[in-house]
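Asks: The following file, model_30.txt, comprises compact mmCIF, C-alpha atoms:
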```txt
# COMPACT_ATOMS: atom_id res chain seq x y z
CA MET A 942 49.60 52.47 10.33
CA LEU A 943 50.46 51.78 13.97
CA ASP A 944 52.68 54.76 14.78
CA GLU A 945 50.41 56.14 17.50
CA PHE A 946 50.66 52.86 19.42
CA PHE A 947 54.45 52.63 19.24
CA LYS A 948 54.71 56.11 20.72
CA ASN A 949 52.90 54.81 23.79
CA ALA A 950 55.41 54.22 26.61
CA GLU A 951 53.34 51.35 28.05
CA VAL A 952 53.34 49.56 24.69
CA VAL A 953 57.13 49.84 24.49
CA ARG A 954 57.51 48.64 28.07
CA PHE A 955 55.31 45.60 27.52
CA MET A 956 57.10 44.70 24.29
CA ARG A 957 60.43 44.71 26.16
CA GLU A 958 58.84 42.50 28.79
CA LEU A 959 57.61 40.04 26.17
CA GLU A 960 61.11 39.83 24.73
CA THR A 961 62.95 39.25 27.99
CA ASN A 962 60.66 37.72 30.62
CA PRO A 963 60.80 33.89 30.56
CA ARG A 964 57.16 33.89 31.70
CA TYR A 965 56.12 34.78 28.15
CA LEU A 966 58.50 32.52 26.25
CA HIS A 967 56.54 29.34 26.84
CA ILE A 968 52.96 29.96 25.76
CA ARG A 969 51.31 26.58 25.25
CA VAL A 970 50.27 25.88 21.69
CA PRO A 971 49.22 22.51 20.24
CA LYS A 972 52.16 20.87 18.46
CA GLU A 973 49.93 19.90 15.55
CA SER A 974 48.98 23.53 14.92
CA VAL A 975 50.92 25.65 12.44
CA TYR A 976 52.42 27.71 15.29
CA GLY A 977 53.42 24.61 17.23
CA LYS A 978 55.38 23.38 14.24
CA CYS A 979 57.36 26.53 13.53
CA MET A 980 57.29 29.00 16.44
CA GLN A 981 58.57 28.90 19.99
CA ASP A 982 59.84 31.81 22.05
CA GLU A 983 58.73 34.52 19.63
CA LEU A 984 55.01 33.66 19.55
CA ALA A 985 54.03 35.87 22.52
CA LEU A 986 55.56 38.96 20.91
CA TYR A 987 54.11 38.27 17.46
CA LEU A 988 50.68 37.74 19.04
CA PHE A 989 50.99 41.19 20.64
CA TYR A 990 51.77 42.73 17.25
CA ASP A 991 48.60 41.05 16.02
CA CYS A 992 46.70 42.57 18.98
CA LEU A 993 47.78 46.08 17.98
CA PHE A 994 46.95 45.53 14.32
CA LYS A 995 43.46 44.18 15.03
CA TYR A 996 42.72 47.01 17.46
CA LYS A 997 43.66 49.54 14.77
CA LEU A 998 41.55 47.77 12.19
CA LEU A 999 38.48 46.94 14.30
CA VAL A 1000 38.22 49.55 17.08
CA ASN A 1001 40.64 52.39 16.30
CA ASP A 1002 39.56 54.47 19.28
CA LEU A 1003 42.50 55.96 21.19
CA SER A 1004 40.31 56.81 24.18
CA LEU A 1005 39.75 53.07 24.78
CA PHE A 1006 43.27 51.88 24.03
CA ASP A 1007 44.69 52.11 27.56
CA GLU A 1008 41.90 49.86 28.82
CA TYR A 1009 42.55 47.43 25.97
CA LEU A 1010 46.28 47.27 26.71
CA SER A 1011 45.66 46.77 30.42
CA GLN A 1012 43.27 43.88 29.78
CA VAL A 1013 45.61 42.27 27.22
CA GLU A 1014 48.42 42.31 29.80
CA LYS A 1015 46.13 40.63 32.35
CA LEU A 1016 45.34 37.88 29.84
CA TYR A 1017 49.03 37.25 29.22
CA ARG A 1018 49.84 37.16 32.93
CA LYS A 1019 47.00 34.87 33.96
CA ILE A 1020 46.91 32.47 31.02
CA GLU A 1021 49.65 30.35 29.41
CA ASP A 1022 47.58 28.81 26.61
CA TYR A 1023 47.68 30.52 23.20
CA ASN A 1024 44.16 29.48 22.15
CA VAL A 1025 42.63 30.89 25.33
CA ILE A 1026 44.56 34.16 24.98
CA PHE A 1027 43.47 34.43 21.32
CA LYS A 1028 39.79 34.05 22.24
CA GLY A 1029 40.18 36.42 25.19
CA ILE A 1030 41.63 39.11 22.92
CA ASN A 1031 38.79 38.63 20.45
CA GLN A 1032 36.29 39.11 23.27
CA LEU A 1033 38.05 42.32 24.31
CA LEU A 1034 37.89 43.58 20.73
CA ILE A 1035 34.16 42.80 20.53
CA ASN A 1036 33.37 44.55 23.81
CA LEU A 1037 35.41 47.66 23.00
CA ALA A 1038 34.09 47.87 19.43
CA ALA A 1039 30.56 47.71 20.85
CA ILE A 1040 31.35 50.64 23.18
CA SER A 1041 32.86 52.63 20.31
CA LEU A 1042 29.82 51.89 18.10
CA ASP A 1043 27.40 52.61 20.97
CA ILE A 1044 25.93 49.09 20.82
CA ARG A 1045 24.26 48.48 24.20
CA ASP A 1046 23.46 44.75 23.85
CA ILE A 1047 25.54 42.65 21.44
CA GLU A 1048 23.39 39.56 22.07
CA SER A 1049 20.17 41.26 21.00
CA GLY A 1050 19.06 40.80 17.40
CA GLU A 1051 20.02 44.29 16.22
CA GLY A 1052 23.19 44.50 18.35
CA LYS A 1053 24.42 41.12 17.14
CA LYS A 1054 23.76 42.09 13.53
CA LYS A 1055 25.65 45.39 13.83
CA ILE A 1056 28.72 43.92 15.52
CA ILE A 1057 29.00 41.01 13.06
CA GLU A 1058 28.61 43.36 10.09
CA HIS A 1059 31.24 45.69 11.54
CA PHE A 1060 33.85 42.94 12.04
CA TYR A 1061 33.18 41.37 8.65
CA GLN A 1062 33.37 44.72 6.88
CA LYS A 1063 36.59 45.85 8.58
CA PHE A 1064 38.45 42.54 8.70
CA ILE A 1065 37.30 40.81 5.50
CA ILE A 1066 35.94 43.36 3.01
CA GLU A 1067 38.40 46.14 3.93
CA GLY A 1068 41.04 43.83 5.37
CA TYR A 1069 44.53 42.86 4.23
CA PHE A 1070 46.75 40.11 3.05
CA ILE A 1071 50.30 40.26 4.39
CA HIS A 1072 53.70 39.51 2.87
CA GLY A 1073 56.63 39.07 5.26
CA TYR A 1074 59.98 39.92 3.68
CA SER A 1075 63.64 40.42 4.61
CA THR A 1076 64.80 43.86 5.76
CA THR A 1077 67.48 43.83 3.07
CA TYR A 1078 64.72 44.51 0.50
CA GLU A 1079 63.06 47.35 2.41
CA GLU A 1080 64.71 50.21 0.54
CA LEU A 1081 63.98 48.49 -2.78
CA ILE A 1082 60.24 48.47 -2.01
CA LYS A 1083 59.74 51.73 -0.12
CA GLY A 1084 58.50 54.68 -2.15
CA ARG A 1085 58.18 52.82 -5.45
CA GLY A 1086 56.11 50.09 -7.07
CA PHE A 1087 56.40 46.47 -6.03
CA THR A 1088 56.89 43.73 -8.61
CA PRO A 1089 56.95 40.19 -7.21
CA GLU A 1090 60.38 38.57 -7.36
CA LYS A 1091 61.93 41.44 -9.37
CA TYR A 1092 64.61 42.53 -6.95
CA PRO A 1093 68.31 41.68 -6.51
CA ASN A 1094 68.82 38.07 -5.57
CA HIS A 1095 71.19 35.13 -5.84
CA TYR A 1096 68.80 32.81 -7.66
CA GLY A 1097 71.47 31.83 -10.20
CA LYS A 1098 73.77 30.62 -7.45
CA MET A 1099 70.88 28.94 -5.66
CA LEU A 1100 70.13 26.97 -8.82
CA LYS A 1101 73.73 25.71 -8.82
CA ALA A 1102 73.35 24.72 -5.17
CA GLN A 1103 70.11 22.95 -6.07
CA GLN A 1104 71.93 20.98 -8.79
CA ILE A 1105 74.53 19.80 -6.28
CA LEU A 1106 71.81 18.75 -3.85
CA ASN A 1107 69.91 16.91 -6.60
CA LYS A 1108 73.03 14.81 -7.27
CA HIS A 1109 72.86 13.67 -3.67
CA HIS A 1110 69.05 13.22 -3.83
CA ILE A 1111 68.52 15.86 -1.12
CA PRO A 1112 65.33 17.94 -1.74
CA ALA A 1113 66.42 20.81 0.54
CA MET A 1114 64.62 23.61 -1.36
CA THR A 1115 61.12 23.42 -2.81
CA LYS A 1116 61.14 26.89 -4.38
CA ASP A 1117 60.82 27.24 -8.15
CA PHE A 1118 63.41 29.93 -8.90
CA HIS A 1119 61.96 30.51 -12.38
CA ASP A 1120 58.48 31.39 -11.09
CA ASP A 1121 57.86 35.12 -10.56
CA GLN A 1122 55.38 35.12 -7.71
CA ILE A 1123 55.28 35.78 -3.99
CA TYR A 1124 53.03 34.41 -1.26
CA LEU A 1125 50.85 36.26 1.22
CA THR A 1126 48.83 35.27 4.28
CA ASP A 1127 45.85 36.70 6.18
CA ASP A 1128 47.66 35.83 9.44
CA LEU A 1129 49.87 38.62 10.81
CA ILE A 1130 51.60 36.22 13.20
CA MET A 1131 52.65 34.00 10.29
CA GLY A 1132 53.65 37.13 8.37
CA CYS A 1133 56.08 37.96 11.19
CA TYR A 1134 57.44 34.41 11.08
CA TYR A 1135 57.87 34.56 7.30
CA SER A 1136 59.74 37.85 7.63
CA ALA A 1137 62.05 36.52 10.37
CA THR A 1138 62.91 33.46 8.26
CA SER A 1139 62.99 35.31 4.91
CA PRO A 1140 64.00 34.37 2.35
CA GLY A 1141 62.17 31.14 2.98
CA TYR A 1142 64.21 29.12 0.49
CA PHE A 1143 67.44 30.03 2.32
CA TYR A 1144 65.97 29.17 5.72
CA GLN A 1145 64.68 25.91 4.25
CA LEU A 1146 68.07 25.13 2.70
CA LEU A 1147 70.04 25.62 5.90
CA THR A 1148 67.63 23.96 8.30
CA ASN A 1149 67.30 20.96 5.97
CA LEU A 1150 71.09 20.68 5.90
CA GLY A 1151 71.58 20.41 9.63
CA VAL A 1152 71.60 24.07 10.72
CA ASP A 1153 69.33 24.66 13.71
CA ARG A 1154 66.69 27.40 13.47
CA ILE A 1155 68.18 29.41 16.35
CA SER A 1156 71.51 29.80 14.56
CA TYR A 1157 69.65 31.12 11.53
CA LEU A 1158 67.32 33.44 13.45
CA LYS A 1159 70.16 34.84 15.55
CA GLN A 1160 72.25 35.19 12.38
CA ASN A 1161 75.02 33.10 13.91
CA TYR A 1162 77.04 32.54 10.75
CA HIS A 1163 79.87 30.53 12.34
CA ALA A 1164 77.50 28.06 14.01
CA ALA A 1165 75.56 27.69 10.74
CA ILE A 1166 78.68 27.05 8.64
CA SER A 1167 80.01 24.58 11.19
CA SER A 1168 76.75 22.59 11.08
CA LEU A 1169 76.63 22.77 7.29
CA LYS A 1170 80.20 21.46 6.93
CA LYS A 1171 79.46 18.60 9.29
CA TYR A 1172 76.30 17.69 7.34
CA MET A 1173 78.09 17.72 3.96
CA SER A 1174 80.98 15.67 5.32
CA ASN A 1175 78.57 13.07 6.73
CA HIS A 1176 76.75 12.88 3.38
CA SER A 1177 79.88 12.39 1.27
CA PHE A 1178 79.89 15.74 -0.55
CA ARG A 1179 83.05 16.16 -2.63
CA LEU A 1180 85.41 18.92 -1.50
CA SER A 1181 84.62 21.01 -4.60
CA GLU A 1182 80.88 20.66 -3.84
CA GLN A 1183 81.40 21.68 -0.23
CA LYS A 1184 83.32 24.80 -1.28
CA ALA A 1185 80.65 25.71 -3.83
CA MET A 1186 77.84 25.33 -1.27
CA ILE A 1187 79.69 27.41 1.32
CA ARG A 1188 80.29 30.18 -1.25
CA VAL A 1189 76.57 30.28 -2.04
CA VAL A 1190 75.65 30.41 1.65
CA GLN A 1191 78.28 33.07 2.39
CA ASP A 1192 77.10 35.33 -0.46
CA GLU A 1193 73.46 35.05 0.58
CA TRP A 1194 74.33 35.60 4.24
CA ASN A 1195 76.37 38.73 3.47
CA PHE A 1196 73.53 40.09 1.36
CA LEU A 1197 70.92 39.50 4.06
CA THR A 1198 72.97 40.91 6.93
CA ARG A 1199 74.07 44.15 5.21
CA VAL A 1200 71.43 46.04 7.25
CA PRO A 1201 70.12 45.44 10.81
CA ARG A 1202 67.24 42.99 10.62
CA LYS A 1203 63.65 43.79 11.58
CA ILE A 1204 60.25 42.22 11.05
CA ASN A 1205 59.07 43.73 7.77
CA LEU A 1206 55.49 43.35 6.56
CA LEU A 1207 53.83 44.51 3.37
CA PHE A 1208 50.03 44.94 3.59
CA VAL A 1209 47.86 44.58 0.50
CA LYS A 1210 44.09 44.99 0.43
CA ARG A 1211 42.31 41.66 0.14
CA ASN A 1212 40.40 42.76 -2.95
CA LYS A 1213 43.72 43.23 -4.80
CA ILE A 1214 44.46 39.53 -4.31
CA MET A 1215 41.07 37.83 -4.62
CA ASP A 1216 37.38 38.53 -5.04
CA VAL A 1217 35.78 39.54 -1.76
CA SER A 1218 32.05 39.03 -1.32
CA TYR A 1219 29.37 39.34 1.35
CA ASP A 1220 28.17 35.75 0.87
CA LYS A 1221 29.78 34.49 4.06
CA LEU A 1222 28.44 37.46 6.00
CA TYR A 1223 24.87 36.41 5.26
CA GLU A 1224 25.67 32.92 6.54
CA TYR A 1225 26.99 34.42 9.79
CA LEU A 1226 23.92 36.65 10.17
CA ASP A 1227 21.60 33.67 9.71
CA SER A 1228 23.57 31.50 12.14
CA ASN A 1229 22.19 30.53 15.55
CA LYS A 1230 25.70 30.57 17.02
CA GLY A 1231 26.60 33.16 19.65
CA VAL A 1232 28.23 36.42 18.62
CA TYR A 1233 31.59 35.54 20.23
CA GLU A 1234 31.82 32.24 18.37
CA ILE A 1235 30.97 33.90 15.06
CA ILE A 1236 33.55 36.66 15.55
CA ASN A 1237 36.18 34.05 16.46
CA ARG A 1238 35.50 32.39 13.12
CA ILE A 1239 35.77 35.70 11.25
CA LEU A 1240 39.11 36.52 12.91
CA THR A 1241 40.61 33.03 12.59
CA PRO A 1242 43.17 33.00 9.71
CA GLN A 1243 42.07 31.07 6.64
CA TYR A 1244 44.94 31.51 4.19
CA SER A 1245 48.52 30.56 5.06
CA GLU A 1246 49.73 31.02 1.48
CA VAL A 1247 48.06 32.98 -1.32
CA SER A 1248 50.12 33.58 -4.47
CA MET A 1249 50.39 36.95 -6.20
CA ARG A 1250 51.98 37.90 -9.52
CA ASN A 1251 50.42 41.37 -9.90
CA LEU A 1252 52.46 44.55 -10.07
CA LEU A 1253 51.52 46.80 -7.15
CA LYS A 1254 51.75 50.53 -7.74
CA TYR A 1255 53.09 52.81 -5.04
CA GLY A 1256 50.12 53.58 -2.78
CA GLU A 1257 48.49 50.18 -3.30
CA TYR A 1258 50.29 48.70 -0.31
CA GLN A 1259 51.45 49.72 3.14
CA MET A 1260 54.62 48.77 4.99
CA ILE A 1261 55.17 48.19 8.71
CA SER A 1262 58.35 47.30 10.61
CA PHE A 1263 58.47 45.68 14.05
CA ASP A 1264 61.33 44.72 16.35
CA ASP A 1265 62.95 41.45 15.44
CA PHE A 1266 62.75 39.26 18.55
CA TYR A 1267 66.05 37.44 18.16
CA MET A 1268 68.12 40.47 17.21
CA LYS A 1269 66.61 42.51 20.03
CA SER A 1270 67.07 39.80 22.64
CA SER A 1271 70.67 39.15 21.61
CA GLN A 1272 71.42 42.88 21.85
CA THR A 1273 69.88 42.89 25.33
CA ASP A 1274 72.09 39.96 26.30
CA GLN A 1275 75.17 41.77 25.03
CA LYS A 1276 74.33 44.96 26.90
CA SER A 1277 73.92 43.04 30.14
CA PHE A 1278 77.15 41.09 29.62
CA PHE A 1279 79.79 43.46 28.29
CA PRO A 1280 79.60 46.19 31.01
CA GLU A 1281 80.12 43.46 33.63
CA GLN A 1282 82.97 42.04 31.61
CA THR A 1283 84.54 45.51 31.30
CA LYS A 1284 84.21 45.99 35.06
CA GLN A 1285 85.89 42.65 35.68
CA LEU A 1286 88.72 43.50 33.27
CA THR A 1287 89.19 46.88 34.97
CA LEU A 1288 89.45 45.20 38.35
CA LEU A 1289 91.85 42.62 36.97
CA ASN A 1290 93.96 45.33 35.40
CA SER A 1291 93.99 47.28 38.67
CA TYR A 1292 95.07 44.21 40.63
CA GLY A 1293 97.61 43.44 37.94
CA VAL A 1294 99.19 46.89 38.21
CA VAL A 1295 99.28 46.64 42.00
CA SER A 1296 100.81 43.15 41.82
CA ILE A 1297 103.50 44.26 39.40
CA CYS A 1298 104.35 47.25 41.61
CA LEU A 1299 104.58 45.01 44.69
CA ILE A 1300 106.80 42.51 42.91
CA ALA A 1301 109.06 45.28 41.53
CA GLY A 1302 109.29 46.84 44.99
CA SER A 1303 110.16 43.52 46.58
CA ILE A 1304 112.90 42.91 44.04
CA LEU A 1305 114.43 46.35 44.62
CA ILE A 1306 114.36 45.88 48.41
CA SER A 1307 115.99 42.46 48.06
CA LEU A 1308 118.71 43.91 45.83
CA GLY A 1309 119.31 46.69 48.36
CA VAL A 1310 119.71 44.18 51.20
CA ILE A 1311 122.14 42.04 49.17
CA VAL A 1312 124.27 45.05 48.18
CA THR A 1313 124.39 46.21 51.82
CA ILE A 1314 125.55 42.77 53.03
CA ILE A 1315 128.30 42.64 50.38
CA MET A 1316 129.53 46.09 51.34
CA ILE A 1317 129.68 45.13 55.05
CA LEU A 1318 131.59 41.94 54.30
CA ARG A 1319 134.15 43.89 52.29
CA GLY A 1320 134.56 46.35 55.14
CA MET A 1321 133.33 49.26 53.14
```
Would it be possible to restate this file's structure as structure tokens?
Replies:
Amino acid sequence: MLDEFFKNAEVVRFMRELETNPRYLHIRVPKESVYGKCMQDELALYLFYDCLFKYKLLVNDLSLFDEYLSQVEKLYRKIEDYNVIFKGINQLLINLAAISLDIRDIESGEGKKKIIEHFYQKFIIEGYFIHGYSTTYEELIKGRGFTPEKYPNHYGKMLKAQQILNKHHIPAMTKDFHDDQIYLTDDLIMGCYYSATSPGYFYQLLTNLGVDRISYLKQNYHAAISSLKKYMSNHSFRLSEQKAMIRVVQDEWNFLTRVPRKINLLFVKRNKIMDVSYDKLYEYLDSNKGVYEIINRILTPQYSEVSMRNLLKYGEYQMISFDDFYMKSSQTDQKSFFPEQTKQLTLLNSYGVVSICLIAGSILISLGVIVTIIMILRGM
């Protein structure tokens, strides 16, 4: 769906910049908003993924893409507030869609009508719901039908873990493991977050039992287990319960980390999930609000969780993979650290060899001097 954009060298460059430049790791977002509650460093990158997706859906004109990318970068560099960037991107999309559709005046009656109809048609009527899932399930979904919750899992073991937690009155997991349904969202940014934390019940379990989100997202097993042990010890878990919980966590962790992690999204047409009508469009067309305000409302996510139990046949969904922020950034850190470490070790080894040679030489010289003195004293 987005292949042509990921072949663009400037897109790749900017993505690397978003992953590594501290300037982009602190976009301001209200703490009371859904992003403020669950996302931190990764928001800038996920927002850029959303930019690419919306451009494909709403403009889809390669001749205008370089201008779009340039203006998006300027927004990021000049503004540190998520809400302002979001509205700025929407304005860019409106202006470029108008150029592509040959709409000269979007504030005129006819121009306003055409641009609102276009955005509603592309984003709502022909738009998508998104399911973020773990990379470990990618090969089980690709090239075949998709049945919600019918893939290999450790639900049986999770139920045992849930029983242990219930004894201690700790509601760490809210998932009903007997219910065959998945949840989707109309928000690509949240889809990325759901994929990074997938499976949600496991993320919820660990973070509710004292494991910090960074340890989970960076797949730092040892830090997670250490925090989990400390939590269980502080909450008087019996030794047998602690061992059982750690076995469950270890099995799930091994299953999830058997392949390199990415952000994996499954796209399903909105009309496969719910009835889609033009009723709201007519309200927008009759509104006295400005075109930018109306488009902002159309593009603002409305559904954080929509359940689905339907079997999806192959061809009724699309799949996209993005870089995982935490895995990519940790690899970057390693690449920058280990060559330097190797250089230092090489230098140390070189100095070590020299030092040993000097010491050995000194010892031999000293022995030679001593032997000479003895021979002189003996008159030899």
Asks: So how many Å separate CA of Ser1041 (chain A) and CA of Leu943 (chain A), to one decimal?
Replies: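 CA of Leu943 (chain A) lies 18.7 Å from CA of Ser1041 (chain A).
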Asks: Skipping near chain neighbours, those fewer than 6 positions away, what residues fall within 7 Å of region 1204-1215 of chain A using only C-alpha atoms, listed as a list of chain:residue names?
Replies: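 After dropping sequence-adjacent residues, the list is A:Glu1067, A:Gly1068, A:Tyr1069, A:Phe1070, A:Ile1071, A:His1072, A:Gly1073, A:Tyr1074, A:Ser1075, A:Thr1076, A:Gly1132, A:Cys1133, A:Ser1136, A:Ala1137, A:Met1249, A:Glu1257, A:Tyr1258, A:Gln1259, A:Met1260, A:Ile1261, A:Ser1262, A:Phe1263, A:Asp1264, A:Asp1265.
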Asks: Could you work out how far CA of Lys972 (chain A) lies from CA of Gln1243 (chain A), giving the answer in Å with one decimal?
Replies: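 Between these atoms lies a distance of 18.6 Å.
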Asks: At a cut-off of 12 Å, can you tabulate as a Markdown table every residue of region 1071-1133 of chain A near region 1183-1202 of chain A together with its closest atom pair and the distance in Å to one decimal, using all atoms listed in the file and ordering rows by chain then number?
Replies:
```
| residue | atom | partner | partner_atom | distance |
| --- | --- | --- | --- | --- |
| A:Tyr1074 | CA | A:Arg1202 | CA | 10.5 |
| A:Ser1075 | CA | A:Leu1197 | CA | 7.4 |
| A:Thr1076 | CA | A:Arg1202 | CA | 5.5 |
| A:Thr1077 | CA | A:Leu1197 | CA | 5.6 |
| A:Tyr1078 | CA | A:Leu1197 | CA | 8.7 |
| A:Glu1079 | CA | A:Val1200 | CA | 9.8 |
| A:Glu1080 | CA | A:Val1200 | CA | 10.4 |
| A:Pro1093 | CA | A:Phe1196 | CA | 9.6 |
| A:Asn1094 | CA | A:Glu1193 | CA | 8.3 |
| A:His1095 | CA | A:Glu1193 | CA | 6.8 |
| A:Tyr1096 | CA | A:Glu1193 | CA | 9.7 |
| A:Gly1097 | CA | A:Val1189 | CA | 9.7 |
| A:Lys1098 | CA | A:Val1189 | CA | 6.1 |
| A:Met1099 | CA | A:Val1189 | CA | 6.9 |
| A:Leu1100 | CA | A:Val1189 | CA | 9.9 |
| A:Lys1101 | CA | A:Ala1185 | CA | 8.5 |
| A:Ala1102 | CA | A:Met1186 | CA | 6.0 |
| A:Gln1103 | CA | A:Met1186 | CA | 9.4 |
| A:Gln1104 | CA | A:Met1186 | CA | 10.5 |
| A:Ile1105 | CA | A:Met1186 | CA | 8.2 |
| A:Leu1106 | CA | A:Met1186 | CA | 9.3 |
```
Asks: Rounded to one decimal in Å, what is the spacing between CA of Glu1051 (chain A) and CA of Lys1063 (chain A)?
Replies: 18.3 Å
Asks: Determine, counting only C-alpha atoms, which protein, DNA and RNA residues have an atom within 9 Å of an atom of region 1006-1011 of chain A; residues of the same chain fewer than 2 positions away are not included. Present the result as a short mmCIF file (atom, residue, chain, number, x, y, z; two decimals) with C-alpha atoms, in the coordinates of the input.
Replies:
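part.cif was written with the following content:
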```
data_model
loop_
_atom_site.label_atom_id
_atom_site.label_comp_id
_atom_site.auth_asym_id
_atom_site.auth_seq_id
_atom_site.Cartn_x
_atom_site.Cartn_y
_atom_site.Cartn_z
CA PHE A 946 50.66 52.86 19.42
CA GLU A 951 53.34 51.35 28.05
CA VAL A 952 53.34 49.56 24.69
CA LEU A 993 47.78 46.08 17.98
CA TYR A 996 42.72 47.01 17.46
CA VAL A 1000 38.22 49.55 17.08
CA ASN A 1001 40.64 52.39 16.30
CA ASP A 1002 39.56 54.47 19.28
CA LEU A 1003 42.50 55.96 21.19
CA SER A 1004 40.31 56.81 24.18
CA VAL A 1013 45.61 42.27 27.22
CA GLU A 1014 48.42 42.31 29.80
CA LYS A 1015 46.13 40.63 32.35
CA LEU A 1016 45.34 37.88 29.84
CA ILE A 1030 41.63 39.11 22.92
CA LEU A 1033 38.05 42.32 24.31
CA LEU A 1034 37.89 43.58 20.73
CA LEU A 1037 35.41 47.66 23.00
#
```
Asks: Neighbours of Glu1234 (chain A) within 12 Å (only C-alpha atoms; same-chain residues fewer than 3 positions away dropped), as a PDB file with C-alpha atoms, in the coordinates of the input?
Replies:
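What landed in around08.pdb:
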```
ATOM      1  CA  LYS A1028      39.790  34.050  22.240  1.00  0.00           C
ATOM      2  CA  GLY A1029      40.180  36.420  25.190  1.00  0.00           C
ATOM      3  CA  ASN A1031      38.790  38.630  20.450  1.00  0.00           C
ATOM      4  CA  GLN A1032      36.290  39.110  23.270  1.00  0.00           C
ATOM      5  CA  ILE A1035      34.160  42.800  20.530  1.00  0.00           C
ATOM      6  CA  GLU A1048      23.390  39.560  22.070  1.00  0.00           C
ATOM      7  CA  LYS A1053      24.420  41.120  17.140  1.00  0.00           C
ATOM      8  CA  ILE A1057      29.000  41.010  13.060  1.00  0.00           C
ATOM      9  CA  TYR A1225      26.990  34.420   9.790  1.00  0.00           C
ATOM     10  CA  SER A1228      23.570  31.500  12.140  1.00  0.00           C
ATOM     11  CA  ASN A1229      22.190  30.530  15.550  1.00  0.00           C
ATOM     12  CA  LYS A1230      25.700  30.570  17.020  1.00  0.00           C
ATOM     13  CA  GLY A1231      26.600  33.160  19.650  1.00  0.00           C
ATOM     14  CA  ASN A1237      36.180  34.050  16.460  1.00  0.00           C
ATOM     15  CA  ARG A1238      35.500  32.390  13.120  1.00  0.00           C
ATOM     16  CA  ILE A1239      35.770  35.700  11.250  1.00  0.00           C
ATOM     17  CA  LEU A1240      39.110  36.520  12.910  1.00  0.00           C
ATOM     18  CA  THR A1241      40.610  33.030  12.590  1.00  0.00           C
TER      19      THR A1241
END
```
Asks: Would you place a box with edges along x, y and z of the file around all atoms of region 1058-1076 of chain A listed there, add 5 Å to each of its six sides, and report the centre and edge lengths in Å to one decimal, as lines of an AutoDock Vina configuration file?
Replies:
```
center_x = 46.7
center_y = 42.6
center_z = 7.5
size_x = 46.2
size_y = 17.1
size_z = 19.2
```
Asks: Compute the distance from (44.8, 30.5, 23.7) to each atom, counting only C-alpha atoms, keep the residues with any atom at most 12 Å away, and return them as a list of chain:residue names; use the coordinates of the file.
Replies: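 The residues near that point, listed by chain and number, are A:Ile968, A:Arg969, A:Val970, A:Pro971, A:Ser974, A:Tyr976, A:Leu984, A:Ala985, A:Leu988, A:Leu1016, A:Tyr1017, A:Lys1019, A:Ile1020, A:Glu1021, A:Asp1022, A:Tyr1023, A:Asn1024, A:Val1025, A:Ile1026, A:Phe1027, A:Lys1028, A:Gly1029, A:Ile1030, A:Asn1031, A:Asn1237.
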Asks: Calculated over all atoms listed in the file, which of the candidates A:Lys1221, A:Arg1179, A:Lys948, A:Lys1203 has the smallest distance to His1109 (chain A)?
Replies: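 Among A:Lys1221, A:Arg1179, A:Lys948, A:Lys1203, it is A:Arg1179 that comes nearest to His1109 (chain A).
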Asks: Taking 4 positions as the minimum chain separation for residues in the same chain, which residues sit within 12 Å of Lys1055 (chain A) when counting only C-alpha atoms? Answer as an MDAnalysis selection string.
Replies: chainID A and resid 1035 1038:1039 1042:1051 1059:1062 1222 1225:1226 1232 1236
Asks: Using the selection just defined, write its residues with C-alpha atoms as a PDB file, in the coordinates of the input.
Replies:
```
ATOM      1  CA  ILE A1035      34.160  42.800  20.530  1.00  0.00           C
ATOM      2  CA  ALA A1038      34.090  47.870  19.430  1.00  0.00           C
ATOM      3  CA  ALA A1039      30.560  47.710  20.850  1.00  0.00           C
ATOM      4  CA  LEU A1042      29.820  51.890  18.100  1.00  0.00           C
ATOM      5  CA  ASP A1043      27.400  52.610  20.970  1.00  0.00           C
ATOM      6  CA  ILE A1044      25.930  49.090  20.820  1.00  0.00           C
ATOM      7  CA  ARG A1045      24.260  48.480  24.200  1.00  0.00           C
ATOM      8  CA  ASP A1046      23.460  44.750  23.850  1.00  0.00           C
ATOM      9  CA  ILE A1047      25.540  42.650  21.440  1.00  0.00           C
ATOM     10  CA  GLU A1048      23.390  39.560  22.070  1.00  0.00           C
ATOM     11  CA  SER A1049      20.170  41.260  21.000  1.00  0.00           C
ATOM     12  CA  GLY A1050      19.060  40.800  17.400  1.00  0.00           C
ATOM     13  CA  GLU A1051      20.020  44.290  16.220  1.00  0.00           C
ATOM     14  CA  HIS A1059      31.240  45.690  11.540  1.00  0.00           C
ATOM     15  CA  PHE A1060      33.850  42.940  12.040  1.00  0.00           C
ATOM     16  CA  TYR A1061      33.180  41.370   8.650  1.00  0.00           C
ATOM     17  CA  GLN A1062      33.370  44.720   6.880  1.00  0.00           C
ATOM     18  CA  LEU A1222      28.440  37.460   6.000  1.00  0.00           C
ATOM     19  CA  TYR A1225      26.990  34.420   9.790  1.00  0.00           C
ATOM     20  CA  LEU A1226      23.920  36.650  10.170  1.00  0.00           C
ATOM     21  CA  VAL A1232      28.230  36.420  18.620  1.00  0.00           C
ATOM     22  CA  ILE A1236      33.550  36.660  15.550  1.00  0.00           C
TER      23      ILE A1236
END
```
Asks: Looking at all atoms listed in the file, which of A:Leu1129, A:Tyr1267, A:His967, A:Lys978 is the one that sits closest to Ser1156 (chain A)?
Replies: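 Counting all atoms listed in the file, the residue closest to Ser1156 (chain A) is A:Tyr1267.
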